[in-house]
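Notes follow the structure.
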Amino acid sequence: MHKGLHRARIGVRKAGVDYFRGDGSDRFALVVLLLAIPAIAAGTLWRPEWLAPTALVLPVIAGGLLLRPANLLVLYGASAAALVVESALFGPYDQGPDRITPGTVLVVASVGLFGLLIAQFRSRVGVPWRRGGTMLFDLRERIRVQSSLPKLPPGWHHEMALRPAGGQSFSGDFVVASRTHGGHILEVVLTDVSGKGMDAASRALLLSGAFGGLLGSLPPHGFLPAANGYLLRQDWAEGFATSIHLVLDLESGDYELLSAGHLPALQLSAGSGRWEEKSGEGPLLGVYDGAQFDPVKGTLRPGDVLMLFTDGLVESSERDIAEGIDRLTGEADRYVTSGFAGAAWHLIEAVAKDVNDDRALLLICRDA
């Protein structure tokens with residue numbers, strides 16, 4: 001008996017999980033909704049002032065969300081039969097209140113049509129409504145995890161903020177990072193995919209996974225050529241992207257920056273207190289094969305800060321990039337004395353709060 005109860009419990013649990021994921025049968029939901037229709041019809045005949053004839057739209061709406069198109073048609077047939085029975089028992093609609101009017105039939109039929117369209121869309125996509133929101137949440141979390149930077153050794157810290165366009169959850173800007181060569185080399189790639197928000201999110205997700213696999217698997221100078229070849233093989237209509245690749249030695253502070261059509265990085269020198277642009281040379285990713293990417297070298301000394309960002313932070317229709325960079329460095333100067341802890345988010349709020357574009361900002365700081 002104990003084993004039988006255990007098997008039954010496991011079976012019920014598995015059926016529930018399969019149903020939530022959209023893999024299980026929808027017969028149970030169909031039976032419940034079919035039983036709800038005569039119950040609603042009986043309530044309408046008994047107390048029409050409390051349960052209007054249009055209450056039949058409730059199981060119709062639930063069916064559009066829960067059932068497959070074939071079973072949904074069965075439910076619609078039962079709803080139509082209930083309307084016919086109600087109409088026959090109430091009598092002609094022009095002989096008293098609470099009758100089945102043409103408007104009632106039109107409302108129920110219209111809701112049923114929209115429900116059928118939703119069910120067909122879910123069936124074509126293959127993602128039921130019970131799983132769709134969970135899948136999108138999982139995708140967003142995967143992008144967030146892929147964009148997280150590894151822990152840095154003492155003497156270093158980083159600040160990063162990503163803000164999608166329009167307050168959405170998905171962005172066309174992403175970061176991939178890894179510590180290679182025994183952990184003393186930090187490689188960071190900041191990429192801006194063409195488009196913004198949801199339009200670029202699917203391509204950003206695909207590229208972040210591919211770039212994360214390439215990073216650390218190739219020599220630093222081989223990453224951008226490999227990424228460029230990957231984009232070219234996708235043959236997307238909007239297949240280009242800009243990217244900047246930082247290779248930083250965490251022991252000496254020496255670094256190389258390789259750029260693929262990306263905006264220059266900014267380095268704050270603790271000695272002079274000035275920001276200096278650092279930019280390698282290279283074309284956009286996904287434009288032509290055989291592209292060459294020439295690095296620029298530099299050194300982060302104690303107290304120095306290196307800032308990487310995307311164009312949504314400094315470019316808008318009201319100002320050009322040079323003005324946007326001046327404004328960004330002006331706001332960043334406020335954190336020189338107090339430190340840059342938590343500064344990335346505040347800088348985006350200060351210089352590009354209401355910009356309808358994806359924005360990303362990364363700060364690599366060497367403690368004084």
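Naming scheme: A, B, ... for chains in displayed order of the structure tokens; residues 1 onward per chain; ligands 1 onward as shown.
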Members of range 56-273 of chain A assigned alpha helix (DSSP H) by DSSP, as a ChimeraX atom specification: /A:57-66,69-90,102-125,129-146,198-214,220-234
Sort by chain and increasing residue number a table of all residues of range 134-228 of chain A within 6 Å of range 355-358 of chain A, each with its closest pair of atoms and their distance in Å to one decimal, counting only C-alpha atoms, and write it as JSON lines.
{"residue": "A:Arg163", "atom": "CA", "partner": "A:Asp358", "partner_atom": "CA", "distance": 5.9}
{"residue": "A:Pro164", "atom": "CA", "partner": "A:Asp358", "partner_atom": "CA", "distance": 4.4}
{"residue": "A:Ala165", "atom": "CA", "partner": "A:Asp357", "partner_atom": "CA", "distance": 4.3}
{"residue": "A:Gly166", "atom": "CA", "partner": "A:Asn356", "partner_atom": "CA", "distance": 5.5}
{"residue": "A:Lys196", "atom": "CA", "partner": "A:Asp358", "partner_atom": "CA", "distance": 5.9}
Taking into account only C-alpha atoms, which residue in the set A:Ala265, A:Leu186, A:Leu5, A:Leu308 is nearest to Ser252 in chain A?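 Once distances to Ser252 in chain A are computed over only C-alpha atoms, the minimum belongs to A:Leu186.
With only C-alpha atoms as the atoms that count, the minimum distance from Val176 in chain A to the choices A:Ala201, A:Ala352, A:Ala260, A:Val145 is reached by A:Val145.
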Which residue gives the smallest distance to Gly324 in chain A among A:Leu285, A:Ala343, A:Leu263, A:Leu152, with only C-alpha atoms counted? A:Leu263
Distance CA of Asp326 in chain A-CA of Ala360 in chain A, one decimal place?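 Taking CA of Asp326 in chain A and CA of Ala360 in chain A, their separation equals 17.0 Å.
Interatomic distance, CA of Gly271 in chain A to CA of Leu313 in chain A: 26.5 Å.
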Give me, please, the distance in Å between CA of Met307 in chain A and CA of Gln267 in chain A, quoted to one decimal.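 Taking CA of Met307 in chain A as the start and CA of Gln267 in chain A as the end point, the length is 6.3 Å.
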Residues at most 12 Å from Tyr335 in chain A, counting only C-alpha atoms, excluding those fewer than 2 positions away in the same chain, as a PyMOL selection string? chain A and resi 268+273+305+328-333+337-344+346-347+363+365
With N, CA and C atoms retained, write the just-selected residues as a PDB file, in the first residue's frame.
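Here's the written file part-v1.pdb:
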ATOM      1  N   LEU A 268      40.320  57.284 -16.805  1.00  0.00           N
ATOM      2  CA  LEU A 268      40.601  58.364 -15.865  1.00  0.00           C
ATOM      3  C   LEU A 268      41.970  58.127 -15.245  1.00  0.00           C
ATOM      4  N   GLY A 273      43.859  63.520 -13.220  1.00  0.00           N
ATOM      5  CA  GLY A 273      42.436  63.765 -13.016  1.00  0.00           C
ATOM      6  C   GLY A 273      41.672  63.985 -14.302  1.00  0.00           C
ATOM      7  N   VAL A 305      40.634  54.540 -13.547  1.00  0.00           N
ATOM      8  CA  VAL A 305      39.322  53.958 -13.857  1.00  0.00           C
ATOM      9  C   VAL A 305      39.197  53.852 -15.373  1.00  0.00           C
ATOM     10  N   LEU A 328      29.002  62.941 -20.042  1.00  0.00           N
ATOM     11  CA  LEU A 328      29.243  61.735 -19.250  1.00  0.00           C
ATOM     12  C   LEU A 328      30.471  61.906 -18.365  1.00  0.00           C
ATOM     13  N   THR A 329      31.565  62.411 -18.913  1.00  0.00           N
ATOM     14  CA  THR A 329      32.772  62.596 -18.107  1.00  0.00           C
ATOM     15  C   THR A 329      32.570  63.667 -17.038  1.00  0.00           C
ATOM     16  N   GLY A 330      31.758  64.675 -17.359  1.00  0.00           N
ATOM     17  CA  GLY A 330      31.474  65.703 -16.360  1.00  0.00           C
ATOM     18  C   GLY A 330      30.726  65.133 -15.162  1.00  0.00           C
ATOM     19  N   GLU A 331      29.755  64.262 -15.433  1.00  0.00           N
ATOM     20  CA  GLU A 331      29.035  63.622 -14.329  1.00  0.00           C
ATOM     21  C   GLU A 331      29.935  62.644 -13.585  1.00  0.00           C
ATOM     22  N   ALA A 332      30.811  61.943 -14.321  1.00  0.00           N
ATOM     23  CA  ALA A 332      31.696  60.970 -13.667  1.00  0.00           C
ATOM     24  C   ALA A 332      32.712  61.652 -12.762  1.00  0.00           C
ATOM     25  N   ASP A 333      33.073  62.905 -13.057  1.00  0.00           N
ATOM     26  CA  ASP A 333      34.044  63.613 -12.214  1.00  0.00           C
ATOM     27  C   ASP A 333      33.534  63.780 -10.780  1.00  0.00           C
ATOM     28  N   THR A 337      36.435  61.768  -6.090  1.00  0.00           N
ATOM     29  CA  THR A 337      36.885  61.861  -4.701  1.00  0.00           C
ATOM     30  C   THR A 337      36.198  60.831  -3.803  1.00  0.00           C
ATOM     31  N   SER A 338      34.926  60.555  -4.046  1.00  0.00           N
ATOM     32  CA  SER A 338      34.176  59.640  -3.167  1.00  0.00           C
ATOM     33  C   SER A 338      34.280  58.182  -3.584  1.00  0.00           C
ATOM     34  N   GLY A 339      34.762  57.923  -4.787  1.00  0.00           N
ATOM     35  CA  GLY A 339      34.839  56.549  -5.272  1.00  0.00           C
ATOM     36  C   GLY A 339      33.665  56.232  -6.178  1.00  0.00           C
ATOM     37  N   PHE A 340      33.817  55.167  -6.988  1.00  0.00           N
ATOM     38  CA  PHE A 340      32.830  54.844  -8.005  1.00  0.00           C
ATOM     39  C   PHE A 340      31.891  53.707  -7.600  1.00  0.00           C
ATOM     40  N   ALA A 341      31.820  53.405  -6.326  1.00  0.00           N
ATOM     41  CA  ALA A 341      30.902  52.360  -5.872  1.00  0.00           C
ATOM     42  C   ALA A 341      29.458  52.776  -6.163  1.00  0.00           C
ATOM     43  N   GLY A 342      28.741  51.963  -6.932  1.00  0.00           N
ATOM     44  CA  GLY A 342      27.361  52.273  -7.296  1.00  0.00           C
ATOM     45  C   GLY A 342      27.205  53.375  -8.312  1.00  0.00           C
ATOM     46  N   ALA A 343      28.300  53.791  -8.948  1.00  0.00           N
ATOM     47  CA  ALA A 343      28.236  54.943  -9.848  1.00  0.00           C
ATOM     48  C   ALA A 343      27.615  54.618 -11.190  1.00  0.00           C
ATOM     49  N   ALA A 344      27.704  53.364 -11.660  1.00  0.00           N
ATOM     50  CA  ALA A 344      27.233  53.040 -13.012  1.00  0.00           C
ATOM     51  C   ALA A 344      25.753  53.355 -13.167  1.00  0.00           C
ATOM     52  N   HIS A 346      23.856  55.314 -11.343  1.00  0.00           N
ATOM     53  CA  HIS A 346      23.585  56.748 -11.179  1.00  0.00           C
ATOM     54  C   HIS A 346      24.029  57.547 -12.401  1.00  0.00           C
ATOM     55  N   LEU A 347      25.098  57.124 -13.058  1.00  0.00           N
ATOM     56  CA  LEU A 347      25.529  57.836 -14.257  1.00  0.00           C
ATOM     57  C   LEU A 347      24.510  57.692 -15.383  1.00  0.00           C
ATOM     58  N   LEU A 363      32.405  49.964 -15.534  1.00  0.00           N
ATOM     59  CA  LEU A 363      33.543  50.628 -14.932  1.00  0.00           C
ATOM     60  C   LEU A 363      34.485  49.590 -14.340  1.00  0.00           C
ATOM     61  N   CYS A 365      37.781  49.546 -12.034  1.00  0.00           N
ATOM     62  CA  CYS A 365      38.506  50.465 -11.163  1.00  0.00           C
ATOM     63  C   CYS A 365      39.661  49.738 -10.461  1.00  0.00           C
TER      64      CYS A 365
END
